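Single-structure report; data block below.
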Amino acid sequence: MKRKAIILAIYAVLILIIIGIILSLVQEDFNGNTLLKGAIAMAACISALVKLHSGGAGTRRSAKFYEREYSQEIAGAFSKPDESSLRKKLLYAIGLYNQERYEKALRTLKELLPHCQDQDDFCAVLLFTALVYSDMGLTDAAIQTYRDYLNHNKNSSTVWSNLGLLFKEQGKSQEALSCFDAALKLDPENAYAHNNISTTKFALGDYEGAIQSAKRALELKSNLYQASNMLCILYRILGNTEESEKYYNLSIANGANAQALQAALEHYSASAGVMEA
């Protein structure tokens with residue numbers, strides 16, 4: 001949807017430029033400078049449209065890239081000698097997903113589902129279907145798709161963690177924590193699961209538990225700024241300015257959005273005042 005909105009906006013700008021040039025001609029206010037400016041603006045719009053229509057403003061990548069990038073998720077999917085066309089179709093769908101062309105990616109994945117024969121086939125198709133649904137904001141559909149995945153394979157730490165996040169979005173904190181626990185049983189070093197537990201405990205008001213889980217996440221993945229964000233906010237609420245500032249600096253160094261983090265800190269500043277009092 002975002003991509004469509006951007007394309008429509010560029011078309012609108014292009015139309016306005018053309019109308020401006022026509023009005024200049026009609027009003028006899030047209031000169032070489034106007035032509036040059038109009039041509040530059042039109043070229044920029046057309047270039048942007050070409051990039052978007054060809055696959056995402058410079059983000060178009062080969063099937064080999066997606067095969068390497070998601071090697072673990074699709075390792076055995078459609079790997080039989082007579083399934084090469086199906087594997088190419090899966091990689092095409094993954095490419096569409098990465099370009100945020102969600103509706104077309106979803107159609108392609110649904111076309112693949114009847115051709116799935118074994119666990120690897122089902123898991124690859126269902127994983128990316130769930131990711132598409134999730135990014136489209138279709139939480140219920142994503143949850144059901146992850147459940148379908150778990151019917152084929154209950155041993156994916158990533159899937160349990162992703163499912164927990166969806167439950168958390170729905171306010172089902174205990175179900176979310178159960179999923180994160182399942183993720184950690186399969187992979188105790190899943191930093192994202194530890195971070196997800198931290199944010200869930202934070203929402204439940206368990207600040208000490210949230211701190212413990214966020215610190216564990218950072219031990220496992222030192223540049224996970226989501227965890228340092230959480231610690232920055234938690235220590236601000238608890239009135240520990242020094243620790244809050246330490247994790248603020250760590251987050252920014254690791255690529256966190258300074259404005260967003262500052263806004264979050266301001267949002268919780270009232271709570272911090274209560275804790276200090």
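Residue numbering restarts at 1 in every chain; chains get A, B, ... in the order shown in the structure tokens, and ligands count up from 1 in that same order.
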Practice item. Fewer than 4 positions away in the same chain doesn't count, so skip those; otherwise give me all residues within 10 Å of Tyr247 (chain A), counting only C-alpha atoms, as a PyMOL selection string. Key: chain A and resi 225+227-233+235+242-243+251-253
Since we have the selection now, will you write its residues out, keeping N, CA, C and O atoms, as a PDB file, in the first residue's frame?
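Result file is result.pdb:
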```pdb
ATOM      1  N   TYR A 225      19.811  -2.357  19.397  1.00  0.00           N
ATOM      2  CA  TYR A 225      19.437  -1.082  20.017  1.00  0.00           C
ATOM      3  C   TYR A 225      18.030  -1.094  20.604  1.00  0.00           C
ATOM      4  O   TYR A 225      17.699  -0.296  21.474  1.00  0.00           O
ATOM      5  N   ALA A 227      16.926  -3.285  22.588  1.00  0.00           N
ATOM      6  CA  ALA A 227      17.114  -3.643  23.997  1.00  0.00           C
ATOM      7  C   ALA A 227      17.688  -2.482  24.783  1.00  0.00           C
ATOM      8  O   ALA A 227      17.267  -2.207  25.922  1.00  0.00           O
ATOM      9  N   SER A 228      18.664  -1.766  24.203  1.00  0.00           N
ATOM     10  CA  SER A 228      19.220  -0.606  24.914  1.00  0.00           C
ATOM     11  C   SER A 228      18.196   0.526  25.008  1.00  0.00           C
ATOM     12  O   SER A 228      18.182   1.275  25.992  1.00  0.00           O
ATOM     13  N   ASN A 229      17.311   0.646  24.011  1.00  0.00           N
ATOM     14  CA  ASN A 229      16.192   1.596  24.113  1.00  0.00           C
ATOM     15  C   ASN A 229      15.342   1.292  25.342  1.00  0.00           C
ATOM     16  O   ASN A 229      14.967   2.181  26.105  1.00  0.00           O
ATOM     17  N   MET A 230      15.045   0.000  25.496  1.00  0.00           N
ATOM     18  CA  MET A 230      14.204  -0.420  26.610  1.00  0.00           C
ATOM     19  C   MET A 230      14.874  -0.095  27.941  1.00  0.00           C
ATOM     20  O   MET A 230      14.230   0.409  28.871  1.00  0.00           O
ATOM     21  N   LEU A 231      16.162  -0.358  28.025  1.00  0.00           N
ATOM     22  CA  LEU A 231      16.894  -0.071  29.254  1.00  0.00           C
ATOM     23  C   LEU A 231      16.971   1.434  29.527  1.00  0.00           C
ATOM     24  O   LEU A 231      16.854   1.879  30.672  1.00  0.00           O
ATOM     25  N   CYS A 232      17.146   2.204  28.472  1.00  0.00           N
ATOM     26  CA  CYS A 232      17.173   3.660  28.605  1.00  0.00           C
ATOM     27  C   CYS A 232      15.854   4.169  29.205  1.00  0.00           C
ATOM     28  O   CYS A 232      15.853   4.978  30.141  1.00  0.00           O
ATOM     29  N   ILE A 233      14.745   3.669  28.689  1.00  0.00           N
ATOM     30  CA  ILE A 233      13.422   4.086  29.171  1.00  0.00           C
ATOM     31  C   ILE A 233      13.182   3.590  30.597  1.00  0.00           C
ATOM     32  O   ILE A 233      12.689   4.331  31.459  1.00  0.00           O
ATOM     33  N   TYR A 235      15.333   2.814  32.983  1.00  0.00           N
ATOM     34  CA  TYR A 235      16.115   3.529  33.994  1.00  0.00           C
ATOM     35  C   TYR A 235      15.627   4.964  34.165  1.00  0.00           C
ATOM     36  O   TYR A 235      15.726   5.533  35.257  1.00  0.00           O
ATOM     37  N   GLU A 242      21.846   8.387  35.254  1.00  0.00           N
ATOM     38  CA  GLU A 242      23.156   7.983  34.738  1.00  0.00           C
ATOM     39  C   GLU A 242      23.051   6.747  33.852  1.00  0.00           C
ATOM     40  O   GLU A 242      23.602   6.700  32.751  1.00  0.00           O
ATOM     41  N   GLU A 243      22.334   5.729  34.349  1.00  0.00           N
ATOM     42  CA  GLU A 243      22.176   4.507  33.558  1.00  0.00           C
ATOM     43  C   GLU A 243      21.337   4.773  32.312  1.00  0.00           C
ATOM     44  O   GLU A 243      21.609   4.233  31.235  1.00  0.00           O
ATOM     45  N   SER A 251      22.343   3.214  22.334  1.00  0.00           N
ATOM     46  CA  SER A 251      21.316   3.063  21.300  1.00  0.00           C
ATOM     47  C   SER A 251      21.627   3.909  20.079  1.00  0.00           C
ATOM     48  O   SER A 251      21.562   3.431  18.935  1.00  0.00           O
ATOM     49  N   ILE A 252      21.954   5.171  20.304  1.00  0.00           N
ATOM     50  CA  ILE A 252      22.245   6.072  19.190  1.00  0.00           C
ATOM     51  C   ILE A 252      23.465   5.586  18.419  1.00  0.00           C
ATOM     52  O   ILE A 252      23.495   5.623  17.178  1.00  0.00           O
ATOM     53  N   ALA A 253      24.471   5.109  19.134  1.00  0.00           N
ATOM     54  CA  ALA A 253      25.688   4.597  18.483  1.00  0.00           C
ATOM     55  C   ALA A 253      25.375   3.387  17.604  1.00  0.00           C
ATOM     56  O   ALA A 253      26.047   3.158  16.592  1.00  0.00           O
TER      57      ALA A 253
END
```
Would you write out, as a Markdown table, a table of all residues in region 185-221 of chain A that have an atom no more than 10 Å from an atom of region 150-160 of chain A, listing for each the closest atom pair and the distance in Å to one decimal, considering only C-alpha atoms and ordering rows by chain and rising residue number?
```
| residue | atom | partner | partner_atom | distance |
| --- | --- | --- | --- | --- |
| A:Lys185 | CA | A:Ser157 | CA | 8.0 |
| A:Leu186 | CA | A:Ser157 | CA | 5.6 |
| A:Asp187 | CA | A:Ser157 | CA | 6.0 |
| A:Pro188 | CA | A:Ser157 | CA | 9.1 |
| A:Glu189 | CA | A:Ser157 | CA | 9.9 |
| A:Asn190 | CA | A:Ser157 | CA | 7.5 |
| A:Tyr192 | CA | A:Thr158 | CA | 8.6 |
| A:Ala193 | CA | A:Thr158 | CA | 8.1 |
```
> Could you pull out all residues of region 136-267 of chain A with a DSSP call of alpha helix (DSSP H) and give them as a count of residues only?
Replying inline: 104
| said: Report as a ChimeraX atom specification all protein, DNA and RNA residues lying within 12 Å of Ser269 (chain A), evaluated on only C-alpha atoms, omitting residues in the same chain fewer than 5 positions from it. | reply: /A:232-241,244,262-264,274-276
Residues just named, written with N, CA, C and O atoms as an mmCIF file, in the first residue's frame:
```
data_model
loop_
_atom_site.group_PDB
_atom_site.id
_atom_site.type_symbol
_atom_site.label_atom_id
_atom_site.label_comp_id
_atom_site.auth_asym_id
_atom_site.auth_seq_id
_atom_site.Cartn_x
_atom_site.Cartn_y
_atom_site.Cartn_z
ATOM 1 N N CYS A 232 17.146 2.204 28.472
ATOM 2 C CA CYS A 232 17.173 3.660 28.605
ATOM 3 C C CYS A 232 15.854 4.169 29.205
ATOM 4 O O CYS A 232 15.853 4.978 30.141
ATOM 5 N N ILE A 233 14.745 3.669 28.689
ATOM 6 C CA ILE A 233 13.422 4.086 29.171
ATOM 7 C C ILE A 233 13.182 3.590 30.597
ATOM 8 O O ILE A 233 12.689 4.331 31.459
ATOM 9 N N LEU A 234 13.526 2.338 30.841
ATOM 10 C CA LEU A 234 13.305 1.756 32.170
ATOM 11 C C LEU A 234 14.061 2.514 33.252
ATOM 12 O O LEU A 234 13.499 2.842 34.312
ATOM 13 N N TYR A 235 15.333 2.814 32.983
ATOM 14 C CA TYR A 235 16.115 3.529 33.994
ATOM 15 C C TYR A 235 15.627 4.964 34.165
ATOM 16 O O TYR A 235 15.726 5.533 35.257
ATOM 17 N N ARG A 236 15.079 5.555 33.097
ATOM 18 C CA ARG A 236 14.504 6.886 33.242
ATOM 19 C C ARG A 236 13.278 6.822 34.167
ATOM 20 O O ARG A 236 13.110 7.671 35.045
ATOM 21 N N ILE A 237 12.453 5.813 33.973
ATOM 22 C CA ILE A 237 11.271 5.652 34.834
ATOM 23 C C ILE A 237 11.674 5.439 36.289
ATOM 24 O O ILE A 237 11.054 5.972 37.219
ATOM 25 N N LEU A 238 12.755 4.666 36.484
ATOM 26 C CA LEU A 238 13.213 4.359 37.837
ATOM 27 C C LEU A 238 14.041 5.491 38.444
ATOM 28 O O LEU A 238 14.471 5.402 39.599
ATOM 29 N N GLY A 239 14.257 6.541 37.673
ATOM 30 C CA GLY A 239 14.958 7.708 38.198
ATOM 31 C C GLY A 239 16.465 7.605 38.196
ATOM 32 O O GLY A 239 17.138 8.437 38.807
ATOM 33 N N ASN A 240 17.004 6.607 37.485
ATOM 34 C CA ASN A 240 18.459 6.437 37.406
ATOM 35 C C ASN A 240 18.948 7.116 36.127
ATOM 36 O O ASN A 240 19.102 6.495 35.072
ATOM 37 N N THR A 241 19.220 8.423 36.243
ATOM 38 C CA THR A 241 19.587 9.230 35.078
ATOM 39 C C THR A 241 20.891 8.769 34.439
ATOM 40 O O THR A 241 21.024 8.744 33.206
ATOM 41 N N SER A 244 20.313 5.601 32.449
ATOM 42 C CA SER A 244 19.470 5.938 31.306
ATOM 43 C C SER A 244 20.288 6.598 30.207
ATOM 44 O O SER A 244 20.169 6.252 29.026
ATOM 45 N N GLN A 262 13.946 9.970 22.084
ATOM 46 C CA GLN A 262 13.738 11.145 22.925
ATOM 47 C C GLN A 262 12.246 11.355 23.197
ATOM 48 O O GLN A 262 11.846 11.692 24.315
ATOM 49 N N ALA A 263 11.428 11.117 22.182
ATOM 50 C CA ALA A 263 9.979 11.248 22.347
ATOM 51 C C ALA A 263 9.460 10.230 23.356
ATOM 52 O O ALA A 263 8.591 10.543 24.187
ATOM 53 N N ALA A 264 9.996 9.010 23.298
ATOM 54 C CA ALA A 264 9.590 7.978 24.254
ATOM 55 C C ALA A 264 9.993 8.367 25.671
ATOM 56 O O ALA A 264 9.225 8.186 26.619
ATOM 57 N N VAL A 274 7.188 10.221 39.188
ATOM 58 C CA VAL A 274 6.459 9.515 40.255
ATOM 59 C C VAL A 274 7.374 8.577 40.992
ATOM 60 O O VAL A 274 7.383 8.494 42.218
ATOM 61 N N MET A 275 8.222 7.836 40.228
ATOM 62 C CA MET A 275 9.129 6.871 40.829
ATOM 63 C C MET A 275 10.153 7.579 41.726
ATOM 64 O O MET A 275 10.522 7.096 42.791
ATOM 65 N N GLU A 276 10.647 8.732 41.253
ATOM 66 C CA GLU A 276 11.635 9.472 42.042
ATOM 67 C C GLU A 276 11.026 10.021 43.333
ATOM 68 O O GLU A 276 11.678 10.065 44.358
#
```
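Neighbouring residues of region 125-134 of chain A at 6 Å or closer, counting only C-alpha atoms and skipping chain neighbours under 3 positions away, are Tyr102, Phe122, Gly137, Leu138, Thr139, Ala142, Thr145 and Tyr149 of chain A.
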Kindly save the residues from that selection, with C-alpha atoms included, as an mmCIF file, in the first residue's frame.
```
data_model
loop_
_atom_site.group_PDB
_atom_site.id
_atom_site.type_symbol
_atom_site.label_atom_id
_atom_site.label_comp_id
_atom_site.auth_asym_id
_atom_site.auth_seq_id
_atom_site.Cartn_x
_atom_site.Cartn_y
_atom_site.Cartn_z
ATOM 1 C CA TYR A 102 2.750 -7.535 -0.318
ATOM 2 C CA PHE A 122 5.272 -26.038 3.824
ATOM 3 C CA GLY A 137 -1.273 -5.487 9.529
ATOM 4 C CA LEU A 138 -3.430 -8.632 9.214
ATOM 5 C CA THR A 139 -2.541 -9.954 12.664
ATOM 6 C CA ALA A 142 -0.548 -14.031 10.514
ATOM 7 C CA THR A 145 -0.494 -18.989 9.460
ATOM 8 C CA TYR A 149 3.528 -23.672 10.362
#
```
Pairwise distance, CA of Asn249 (chain A) with CA of Lys215 (chain A), equals 15.3 Å
Q.
One decimal, in Å: what's the spacing between CA of Leu109 (chain A) and CA of Ala75 (chain A)?
A.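 These two atoms are separated by 16.7 Å.
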